[in-house]
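Undergrad: Structure in structure tokens, see below.
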Amino acid sequence: MKRIVFTGGGTAGHVTPNIALFPKLKSKGYDIHYIGSYEGIERKLIEDYQVPYYAISTGKLRRYFDIKNFSDPFRVIKGFTDAKKILKTLKPDVVFSKGGFVSVPVVRAASFLKIPCIIHESDMTPGLANNLCIPVAQKICCNFPETLQNLPAEKAVLTGSPIREELTRGNKEKGLEMCGFNTAKPVIMVIGGSLGAAGVNALVREALPKLLEDFQIVHICGKEKIDNLLLNTKGYKQFEYVKDALKDLFAMADIVISRAGANAICELLALRKPSLLIPLPAHASRGDQILNARSFEAQGFAMVADEDYLTGITLTEKVHELYFTRQSYIDAMYNSKIRDSIETIVTLIEEVATQKSMKR
């Protein structure tokens, strides 16, 4: 039996693509293990999948001054020692990393032990953690054609991001029933990532009176971001977070308003959902969502709007434009070169794991 160790964490986006690969690998007989942090979100997310979980020490690597910059390097070194010990015991054929700072000591320890690593970069440009892993990775998966220019040609593979297969099995009628909606008006889904997006929430609520004239709206607004004053608004349903029923809400949605996190927009691509992307502004991020969104716009997959210049009125105008031109976006997504991310990545894993076993 071949054995694989996954790593990645810090946010759901560094974990859910790993989870999406589990069923296919299990069907091929892989023994799956996971290395994450003690306190990160990855531990809770992995609990539901009967995958052995190992925690290591980890520290954040920063490009800016912080008092923790003096202590966190020692946590990373401790994490390297922890990971090396776990990997020596497990003796995996391959390590697959989705990034986040917990992945750095794991990938580096694997390289030290001559265990091949495949890493996945979600954003247009690699983040700091993946930049530290790229030199020792055997293959680097990515989501955007433009990213290939920033990676070693012999390592880079355009795969897209794996999404959970259950998301493709949604039931529109269940979604409508869950929200108390009907088929008289089309449905907008608003989603801002696992923590929600305060700026997007505010814009949607400002535009709500006009939008509700023509649409029904399901709004996944994030923890503690529900507006109690709007709870009884007809045609508008709010959720803090949706897990199992998310597939039914996607099936119900005609168009989507979303941030431009890489995994979120890859889900929209896989589900062929026309979207208005409102990336996190540059002053609130390293600008990766802006680059992600512009790539999708250039490929004809989505419409993009700058949050800093949006109002309730302009948001309403863009939503109507998106809805009436939605078929052009759907057609472009069907013609995407990224077909089956799970199959592509599992094939890479199989190739690397086979090479490892042949060298034994």
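Each chain in the structure tokens gets a letter, A, B, ..., in the order shown, and its residues are numbered from 1; ligands are numbered from 1 in order too.
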Could you find all residues in segment 106-289 of chain A that DSSP calls strand (DSSP E or B) from the backbone, and write them as number ranges by chain?

TA: A: 117-121, 139-142, 156-158, 187-191, 216-220, 236-239, 255-258, 275-277

Undergrad: Selection from above, C-alpha atoms, as a compact mmCIF listing (two decimals), in the first residue's frame, can you write it?

TA:
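Once everything was written out, this is selection-v5.txt:
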# COMPACT_ATOMS: atom_id res chain seq x y z
CA CYS A 117 7.12 16.56 -2.40
CA ILE A 118 4.40 18.02 -4.57
CA ILE A 119 3.19 21.48 -3.62
CA HIS A 120 0.16 23.44 -4.77
CA GLU A 121 0.13 27.21 -5.22
CA LYS A 139 6.34 19.27 -8.86
CA ILE A 140 4.43 22.54 -8.37
CA CYS A 141 0.72 22.63 -9.20
CA CYS A 142 -0.92 25.97 -9.97
CA ALA A 156 5.31 23.63 -12.96
CA VAL A 157 1.99 22.02 -13.94
CA LEU A 158 -1.28 23.88 -14.61
CA VAL A 187 -31.14 33.73 -7.33
CA ILE A 188 -27.95 35.58 -6.42
CA MET A 189 -25.54 33.85 -4.05
CA VAL A 190 -23.21 36.12 -2.06
CA ILE A 191 -20.17 34.50 -0.47
CA GLN A 216 -33.75 36.53 -4.55
CA ILE A 217 -30.53 36.59 -2.54
CA VAL A 218 -28.85 33.99 -0.33
CA HIS A 219 -26.06 35.63 1.63
CA ILE A 220 -23.34 33.63 3.39
CA TYR A 236 -33.26 37.58 1.39
CA LYS A 237 -31.79 34.71 3.42
CA GLN A 238 -28.67 35.05 5.57
CA PHE A 239 -26.34 32.35 6.91
CA ILE A 255 -25.08 34.09 -10.48
CA VAL A 256 -22.61 34.65 -7.64
CA ILE A 257 -21.04 37.66 -5.94
CA SER A 258 -17.75 36.62 -4.35
CA SER A 275 -19.68 35.62 -11.00
CA LEU A 276 -19.02 39.20 -10.05
CA LEU A 277 -15.67 39.11 -8.26

Undergrad: For Lys318 of chain A, work out the shell of residues within 9 Å, counting only C-alpha atoms and skipping chain neighbours fewer than 4 positions away, then give it as a PDB file with N, CA, C and O atoms, in the first residue's frame.

TA:
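Done, and the output landed in around25.pdb:
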ATOM      1  N   LEU A 276     -19.578  37.862 -10.202  1.00  0.00           N
ATOM      2  CA  LEU A 276     -19.020  39.201 -10.046  1.00  0.00           C
ATOM      3  C   LEU A 276     -18.002  39.099  -8.918  1.00  0.00           C
ATOM      4  O   LEU A 276     -18.372  38.872  -7.757  1.00  0.00           O
ATOM      5  N   MET A 303     -16.794  38.656 -14.186  1.00  0.00           N
ATOM      6  CA  MET A 303     -16.765  40.113 -14.202  1.00  0.00           C
ATOM      7  C   MET A 303     -16.073  40.562 -12.909  1.00  0.00           C
ATOM      8  O   MET A 303     -16.221  39.908 -11.868  1.00  0.00           O
ATOM      9  N   ALA A 305     -15.044  43.850 -10.180  1.00  0.00           N
ATOM     10  CA  ALA A 305     -15.322  45.219  -9.732  1.00  0.00           C
ATOM     11  C   ALA A 305     -14.395  45.569  -8.575  1.00  0.00           C
ATOM     12  O   ALA A 305     -14.065  44.720  -7.744  1.00  0.00           O
ATOM     13  N   ILE A 313     -25.626  51.511  -5.954  1.00  0.00           N
ATOM     14  CA  ILE A 313     -26.186  51.720  -7.297  1.00  0.00           C
ATOM     15  C   ILE A 313     -25.350  51.017  -8.359  1.00  0.00           C
ATOM     16  O   ILE A 313     -25.875  50.288  -9.212  1.00  0.00           O
ATOM     17  N   THR A 314     -24.010  51.205  -8.309  1.00  0.00           N
ATOM     18  CA  THR A 314     -23.160  50.585  -9.336  1.00  0.00           C
ATOM     19  C   THR A 314     -23.111  49.066  -9.179  1.00  0.00           C
ATOM     20  O   THR A 314     -22.998  48.339 -10.174  1.00  0.00           O
ATOM     21  N   LEU A 322     -24.268  41.321 -15.432  1.00  0.00           N
ATOM     22  CA  LEU A 322     -23.779  39.945 -15.320  1.00  0.00           C
ATOM     23  C   LEU A 322     -24.887  38.946 -15.628  1.00  0.00           C
ATOM     24  O   LEU A 322     -24.680  37.983 -16.388  1.00  0.00           O
ATOM     25  N   TYR A 323     -26.053  39.176 -15.074  1.00  0.00           N
ATOM     26  CA  TYR A 323     -27.149  38.226 -15.261  1.00  0.00           C
ATOM     27  C   TYR A 323     -27.541  38.124 -16.742  1.00  0.00           C
ATOM     28  O   TYR A 323     -27.731  37.016 -17.265  1.00  0.00           O
TER      29      TYR A 323
END

Undergrad: Quick one: everything within 10 Å of segment 127-136 of chain A, counting only C-alpha atoms, minus sequence neighbours fewer than 2 positions away in the same chain. Send it as a PDB file with N, CA, C and O atoms, in the first residue's frame.

TA:
ATOM      1  N   LYS A  60       4.818  31.757  12.296  1.00  0.00           N
ATOM      2  CA  LYS A  60       4.543  32.528  11.088  1.00  0.00           C
ATOM      3  C   LYS A  60       5.800  33.246  10.632  1.00  0.00           C
ATOM      4  O   LYS A  60       6.537  33.813  11.441  1.00  0.00           O
ATOM      5  N   LEU A  61       6.022  33.222   9.336  1.00  0.00           N
ATOM      6  CA  LEU A  61       7.143  33.945   8.736  1.00  0.00           C
ATOM      7  C   LEU A  61       6.603  35.227   8.125  1.00  0.00           C
ATOM      8  O   LEU A  61       5.693  35.193   7.309  1.00  0.00           O
ATOM      9  N   ARG A  62       7.159  36.346   8.529  1.00  0.00           N
ATOM     10  CA  ARG A  62       6.595  37.643   8.131  1.00  0.00           C
ATOM     11  C   ARG A  62       7.606  38.471   7.363  1.00  0.00           C
ATOM     12  O   ARG A  62       8.810  38.390   7.608  1.00  0.00           O
ATOM     13  N   ARG A  63       7.071  39.316   6.469  1.00  0.00           N
ATOM     14  CA  ARG A  63       7.922  40.260   5.739  1.00  0.00           C
ATOM     15  C   ARG A  63       7.938  41.624   6.431  1.00  0.00           C
ATOM     16  O   ARG A  63       8.540  42.557   5.939  1.00  0.00           O
ATOM     17  N   SER A  97       1.649  19.172  -0.309  1.00  0.00           N
ATOM     18  CA  SER A  97       1.478  20.376   0.508  1.00  0.00           C
ATOM     19  C   SER A  97       0.598  21.396  -0.190  1.00  0.00           C
ATOM     20  O   SER A  97       0.807  21.718  -1.354  1.00  0.00           O
ATOM     21  N   LYS A  98      -0.369  21.924   0.564  1.00  0.00           N
ATOM     22  CA  LYS A  98      -1.241  22.975   0.045  1.00  0.00           C
ATOM     23  C   LYS A  98      -0.820  24.357   0.540  1.00  0.00           C
ATOM     24  O   LYS A  98      -1.479  25.352   0.263  1.00  0.00           O
ATOM     25  N   GLY A  99       0.259  24.430   1.285  1.00  0.00           N
ATOM     26  CA  GLY A  99       0.755  25.731   1.694  1.00  0.00           C
ATOM     27  C   GLY A  99       0.317  26.158   3.079  1.00  0.00           C
ATOM     28  O   GLY A  99      -0.281  25.395   3.829  1.00  0.00           O
ATOM     29  N   GLY A 100       0.592  27.410   3.415  1.00  0.00           N
ATOM     30  CA  GLY A 100       0.426  27.868   4.785  1.00  0.00           C
ATOM     31  C   GLY A 100       1.721  27.606   5.531  1.00  0.00           C
ATOM     32  O   GLY A 100       2.536  26.754   5.143  1.00  0.00           O
ATOM     33  N   PHE A 101       1.919  28.314   6.636  1.00  0.00           N
ATOM     34  CA  PHE A 101       3.230  28.267   7.292  1.00  0.00           C
ATOM     35  C   PHE A 101       3.544  26.929   7.943  1.00  0.00           C
ATOM     36  O   PHE A 101       4.706  26.581   8.118  1.00  0.00           O
ATOM     37  N   VAL A 102       2.510  26.145   8.261  1.00  0.00           N
ATOM     38  CA  VAL A 102       2.774  24.814   8.820  1.00  0.00           C
ATOM     39  C   VAL A 102       3.453  23.906   7.803  1.00  0.00           C
ATOM     40  O   VAL A 102       4.146  22.954   8.162  1.00  0.00           O
ATOM     41  N   SER A 103       3.290  24.213   6.516  1.00  0.00           N
ATOM     42  CA  SER A 103       3.839  23.339   5.477  1.00  0.00           C
ATOM     43  C   SER A 103       5.347  23.451   5.332  1.00  0.00           C
ATOM     44  O   SER A 103       5.999  22.508   4.876  1.00  0.00           O
ATOM     45  N   VAL A 104       5.925  24.587   5.705  1.00  0.00           N
ATOM     46  CA  VAL A 104       7.360  24.809   5.470  1.00  0.00           C
ATOM     47  C   VAL A 104       8.229  23.783   6.199  1.00  0.00           C
ATOM     48  O   VAL A 104       9.068  23.113   5.565  1.00  0.00           O
ATOM     49  N   PRO A 105       8.083  23.586   7.512  1.00  0.00           N
ATOM     50  CA  PRO A 105       8.915  22.572   8.164  1.00  0.00           C
ATOM     51  C   PRO A 105       8.645  21.158   7.665  1.00  0.00           C
ATOM     52  O   PRO A 105       9.563  20.327   7.628  1.00  0.00           O
ATOM     53  N   VAL A 106       7.403  20.874   7.251  1.00  0.00           N
ATOM     54  CA  VAL A 106       7.069  19.528   6.762  1.00  0.00           C
ATOM     55  C   VAL A 106       7.764  19.254   5.431  1.00  0.00           C
ATOM     56  O   VAL A 106       8.406  18.208   5.240  1.00  0.00           O
ATOM     57  N   VAL A 107       7.643  20.179   4.491  1.00  0.00           N
ATOM     58  CA  VAL A 107       8.258  19.996   3.172  1.00  0.00           C
ATOM     59  C   VAL A 107       9.777  19.961   3.280  1.00  0.00           C
ATOM     60  O   VAL A 107      10.450  19.128   2.644  1.00  0.00           O
ATOM     61  N   ARG A 108      10.330  20.830   4.107  1.00  0.00           N
ATOM     62  CA  ARG A 108      11.780  20.860   4.276  1.00  0.00           C
ATOM     63  C   ARG A 108      12.292  19.580   4.942  1.00  0.00           C
ATOM     64  O   ARG A 108      13.346  19.047   4.581  1.00  0.00           O
ATOM     65  N   ALA A 110      10.800  16.641   4.748  1.00  0.00           N
ATOM     66  CA  ALA A 110      10.652  15.589   3.744  1.00  0.00           C
ATOM     67  C   ALA A 110      11.828  15.605   2.778  1.00  0.00           C
ATOM     68  O   ALA A 110      12.390  14.548   2.431  1.00  0.00           O
ATOM     69  N   SER A 111      12.209  16.794   2.345  1.00  0.00           N
ATOM     70  CA  SER A 111      13.344  16.911   1.435  1.00  0.00           C
ATOM     71  C   SER A 111      14.622  16.391   2.092  1.00  0.00           C
ATOM     72  O   SER A 111      15.413  15.679   1.463  1.00  0.00           O
ATOM     73  N   PHE A 112      14.815  16.713   3.361  1.00  0.00           N
ATOM     74  CA  PHE A 112      15.983  16.246   4.107  1.00  0.00           C
ATOM     75  C   PHE A 112      16.036  14.721   4.137  1.00  0.00           C
ATOM     76  O   PHE A 112      17.116  14.115   4.073  1.00  0.00           O
ATOM     77  N   LYS A 114      14.789  12.787   1.826  1.00  0.00           N
ATOM     78  CA  LYS A 114      14.701  12.292   0.452  1.00  0.00           C
ATOM     79  C   LYS A 114      13.305  11.753   0.101  1.00  0.00           C
ATOM     80  O   LYS A 114      13.151  10.836  -0.705  1.00  0.00           O
ATOM     81  N   PRO A 116       9.916  12.636  -1.813  1.00  0.00           N
ATOM     82  CA  PRO A 116       9.493  13.613  -2.827  1.00  0.00           C
ATOM     83  C   PRO A 116       8.259  14.393  -2.390  1.00  0.00           C
ATOM     84  O   PRO A 116       7.369  13.852  -1.721  1.00  0.00           O
ATOM     85  N   CYS A 117       8.224  15.665  -2.774  1.00  0.00           N
ATOM     86  CA  CYS A 117       7.124  16.559  -2.403  1.00  0.00           C
ATOM     87  C   CYS A 117       6.480  17.172  -3.639  1.00  0.00           C
ATOM     88  O   CYS A 117       7.176  17.568  -4.579  1.00  0.00           O
ATOM     89  N   ILE A 118       5.177  17.249  -3.593  1.00  0.00           N
ATOM     90  CA  ILE A 118       4.400  18.018  -4.575  1.00  0.00           C
ATOM     91  C   ILE A 118       3.731  19.144  -3.799  1.00  0.00           C
ATOM     92  O   ILE A 118       3.122  18.899  -2.752  1.00  0.00           O
ATOM     93  N   ILE A 119       3.852  20.365  -4.290  1.00  0.00           N
ATOM     94  CA  ILE A 119       3.190  21.480  -3.621  1.00  0.00           C
ATOM     95  C   ILE A 119       2.183  22.121  -4.561  1.00  0.00           C
ATOM     96  O   ILE A 119       2.293  21.993  -5.785  1.00  0.00           O
ATOM     97  N   HIS A 120       1.204  22.782  -3.981  1.00  0.00           N
ATOM     98  CA  HIS A 120       0.164  23.444  -4.774  1.00  0.00           C
ATOM     99  C   HIS A 120       0.121  24.920  -4.401  1.00  0.00           C
ATOM    100  O   HIS A 120       0.003  25.267  -3.226  1.00  0.00           O
ATOM    101  N   GLU A 121       0.233  25.767  -5.418  1.00  0.00           N
ATOM    102  CA  GLU A 121       0.135  27.214  -5.222  1.00  0.00           C
ATOM    103  C   GLU A 121      -1.190  27.695  -5.788  1.00  0.00           C
ATOM    104  O   GLU A 121      -1.452  27.561  -6.979  1.00  0.00           O
ATOM    105  N   SER A 122      -2.019  28.259  -4.923  1.00  0.00           N
ATOM    106  CA  SER A 122      -3.357  28.674  -5.350  1.00  0.00           C
ATOM    107  C   SER A 122      -3.361  30.006  -6.076  1.00  0.00           C
ATOM    108  O   SER A 122      -4.109  30.198  -7.033  1.00  0.00           O
ATOM    109  N   ASP A 123      -2.564  30.944  -5.596  1.00  0.00           N
ATOM    110  CA  ASP A 123      -2.642  32.310  -6.110  1.00  0.00           C
ATOM    111  C   ASP A 123      -1.769  32.516  -7.341  1.00  0.00           C
ATOM    112  O   ASP A 123      -0.951  31.674  -7.702  1.00  0.00           O
ATOM    113  N   MET A 124      -1.967  33.657  -7.959  1.00  0.00           N
ATOM    114  CA  MET A 124      -1.224  33.984  -9.171  1.00  0.00           C
ATOM    115  C   MET A 124       0.283  34.001  -8.907  1.00  0.00           C
ATOM    116  O   MET A 124       1.075  33.485  -9.696  1.00  0.00           O
ATOM    117  N   THR A 125       0.690  34.611  -7.787  1.00  0.00           N
ATOM    118  CA  THR A 125       2.098  34.650  -7.419  1.00  0.00           C
ATOM    119  C   THR A 125       2.293  33.881  -6.117  1.00  0.00           C
ATOM    120  O   THR A 125       1.470  33.994  -5.204  1.00  0.00           O
ATOM    121  N   GLN A 138       9.323  18.579  -6.009  1.00  0.00           N
ATOM    122  CA  GLN A 138       9.506  17.862  -7.265  1.00  0.00           C
ATOM    123  C   GLN A 138       8.558  18.387  -8.339  1.00  0.00           C
ATOM    124  O   GLN A 138       8.928  18.499  -9.498  1.00  0.00           O
ATOM    125  N   LYS A 139       7.316  18.688  -7.948  1.00  0.00           N
ATOM    126  CA  LYS A 139       6.340  19.272  -8.856  1.00  0.00           C
ATOM    127  C   LYS A 139       5.593  20.393  -8.142  1.00  0.00           C
ATOM    128  O   LYS A 139       5.374  20.334  -6.924  1.00  0.00           O
ATOM    129  N   ILE A 140       5.177  21.409  -8.920  1.00  0.00           N
ATOM    130  CA  ILE A 140       4.430  22.539  -8.366  1.00  0.00           C
ATOM    131  C   ILE A 140       3.151  22.704  -9.178  1.00  0.00           C
ATOM    132  O   ILE A 140       3.200  23.009 -10.378  1.00  0.00           O
ATOM    133  N   LEU A 151       7.427  30.163 -12.177  1.00  0.00           N
ATOM    134  CA  LEU A 151       7.857  28.894 -11.591  1.00  0.00           C
ATOM    135  C   LEU A 151       8.873  28.203 -12.488  1.00  0.00           C
ATOM    136  O   LEU A 151       8.886  28.420 -13.705  1.00  0.00           O
ATOM    137  N   PRO A 152       9.717  27.338 -11.914  1.00  0.00           N
ATOM    138  CA  PRO A 152      10.658  26.567 -12.747  1.00  0.00           C
ATOM    139  C   PRO A 152       9.894  25.721 -13.768  1.00  0.00           C
ATOM    140  O   PRO A 152       8.995  24.951 -13.398  1.00  0.00           O
ATOM    141  N   LYS A 155       9.212  22.012 -13.339  1.00  0.00           N
ATOM    142  CA  LYS A 155       8.427  21.588 -12.175  1.00  0.00           C
ATOM    143  C   LYS A 155       6.953  21.975 -12.275  1.00  0.00           C
ATOM    144  O   LYS A 155       6.097  21.339 -11.665  1.00  0.00           O
ATOM    145  N   ALA A 156       6.650  23.027 -13.006  1.00  0.00           N
ATOM    146  CA  ALA A 156       5.314  23.629 -12.962  1.00  0.00           C
ATOM    147  C   ALA A 156       4.293  22.865 -13.806  1.00  0.00           C
ATOM    148  O   ALA A 156       4.581  22.453 -14.930  1.00  0.00           O
ATOM    149  N   ARG A 286      -1.966  41.479   0.178  1.00  0.00           N
ATOM    150  CA  ARG A 286      -0.757  41.558  -0.654  1.00  0.00           C
ATOM    151  C   ARG A 286      -1.106  41.678  -2.136  1.00  0.00           C
ATOM    152  O   ARG A 286      -0.231  41.671  -2.993  1.00  0.00           O
ATOM    153  N   ASP A 288      -3.033  39.582  -3.949  1.00  0.00           N
ATOM    154  CA  ASP A 288      -3.190  38.331  -4.682  1.00  0.00           C
ATOM    155  C   ASP A 288      -4.601  38.155  -5.238  1.00  0.00           C
ATOM    156  O   ASP A 288      -4.775  37.645  -6.352  1.00  0.00           O
TER     157      ASP A 288
END

Undergrad: Could you produce a table of the residues of segment 239-262 of chain A lying within 7 Å of segment 167-172 of chain A, with the nearest pair of atoms per residue and their separation in Å rounded to one decimal, using only C-alpha atoms, ordered by chain and increasing residue number, as CSV?

TA:
residue,atom,partner,partner_atom,distance
A:Lys247,CA,A:Gly170,CA,4.3
A:Asp248,CA,A:Gly170,CA,4.2
A:Phe250,CA,A:Gly170,CA,6.9
A:Ala251,CA,A:Lys172,CA,4.8
A:Met252,CA,A:Lys172,CA,4.3

Undergrad: Please write the residues from the selection above to a file, keeping all heavy atoms, as a compact mmCIF listing (two decimals), in the first residue's frame.

TA:
# COMPACT_ATOMS: atom_id res chain seq x y z
N LYS A 247 -23.64 22.73 -1.34
CA LYS A 247 -23.83 22.22 -2.71
C LYS A 247 -25.22 22.56 -3.24
O LYS A 247 -25.39 22.86 -4.43
CB LYS A 247 -23.60 20.71 -2.74
CG LYS A 247 -24.54 19.89 -1.89
CD LYS A 247 -24.16 18.42 -1.93
CE LYS A 247 -25.14 17.56 -1.12
NZ LYS A 247 -25.11 17.89 0.32
N ASP A 248 -26.23 22.53 -2.35
CA ASP A 248 -27.60 22.84 -2.78
C ASP A 248 -27.78 24.33 -3.05
O ASP A 248 -28.52 24.71 -3.96
CB ASP A 248 -28.59 22.37 -1.71
CG ASP A 248 -28.51 20.87 -1.46
OD1 ASP A 248 -28.31 20.13 -2.44
OD2 ASP A 248 -28.62 20.45 -0.30
N PHE A 250 -25.34 26.32 -4.14
CA PHE A 250 -24.67 26.53 -5.42
C PHE A 250 -25.58 26.09 -6.58
O PHE A 250 -25.68 26.77 -7.60
CB PHE A 250 -23.36 25.75 -5.49
CG PHE A 250 -22.15 26.53 -5.03
CD1 PHE A 250 -21.30 26.03 -4.05
CD2 PHE A 250 -21.85 27.76 -5.59
CE1 PHE A 250 -20.19 26.74 -3.63
CE2 PHE A 250 -20.74 28.49 -5.18
CZ PHE A 250 -19.91 27.97 -4.20
N ALA A 251 -26.23 24.94 -6.42
CA ALA A 251 -27.11 24.43 -7.48
C ALA A 251 -28.26 25.40 -7.74
O ALA A 251 -28.73 25.52 -8.88
CB ALA A 251 -27.65 23.06 -7.08
N MET A 252 -28.71 26.09 -6.71
CA MET A 252 -29.83 27.02 -6.81
C MET A 252 -29.42 28.35 -7.45
O MET A 252 -30.23 29.02 -8.10
CB MET A 252 -30.37 27.26 -5.39
CG MET A 252 -31.40 28.35 -5.26
SD MET A 252 -31.83 28.66 -3.51
CE MET A 252 -30.30 29.35 -2.86

Undergrad: By how many Å are atom CA of Lys185 of chain A and atom CA of Asp214 of chain A apart?

TA: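 One can read the atom CA of Lys185 of chain A to atom CA of Asp214 of chain A distance as 6.4 Å.
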
Undergrad: For each of A:Thr344, A:Gln50, A:Thr58, A:Thr159, take the minimum atom-to-atom distance to Phe144 of chain A, counting only C-alpha atoms, then give the residue where this is smallest.

TA: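 Using only C-alpha atoms, the shortest distance to Phe144 of chain A belongs to A:Thr159.
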
Undergrad: Near Gly192 of chain A, within 10 Å and counting only C-alpha atoms, which residues show up once chain neighbours fewer than 4 positions away are dropped, as a PyMOL selection string?

TA: chain A and resi 196-201+219-222+257-261+264+277-280

Undergrad: Which of these, A:Asp308, A:Glu350, A:Glu154, A:Glu343, has the shortest distance to Leu21 of chain A once you count only C-alpha atoms?

TA: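 Closest residue, counting only C-alpha atoms: A:Glu343.
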
Undergrad: I need the residues in segment 206-326 of chain A that are alpha helix (DSSP H) according to DSSP; give them as a ChimeraX atom specification.

TA: /A:206-211,246-252,262-271,288-298,312-324,326

Undergrad: With distances taken over only C-alpha atoms, which residue among A:Arg294, A:Arg43, A:Arg164, A:Lys91 lies nearest Leu246 of chain A?

TA: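 Closest residue, counting only C-alpha atoms: A:Arg164.
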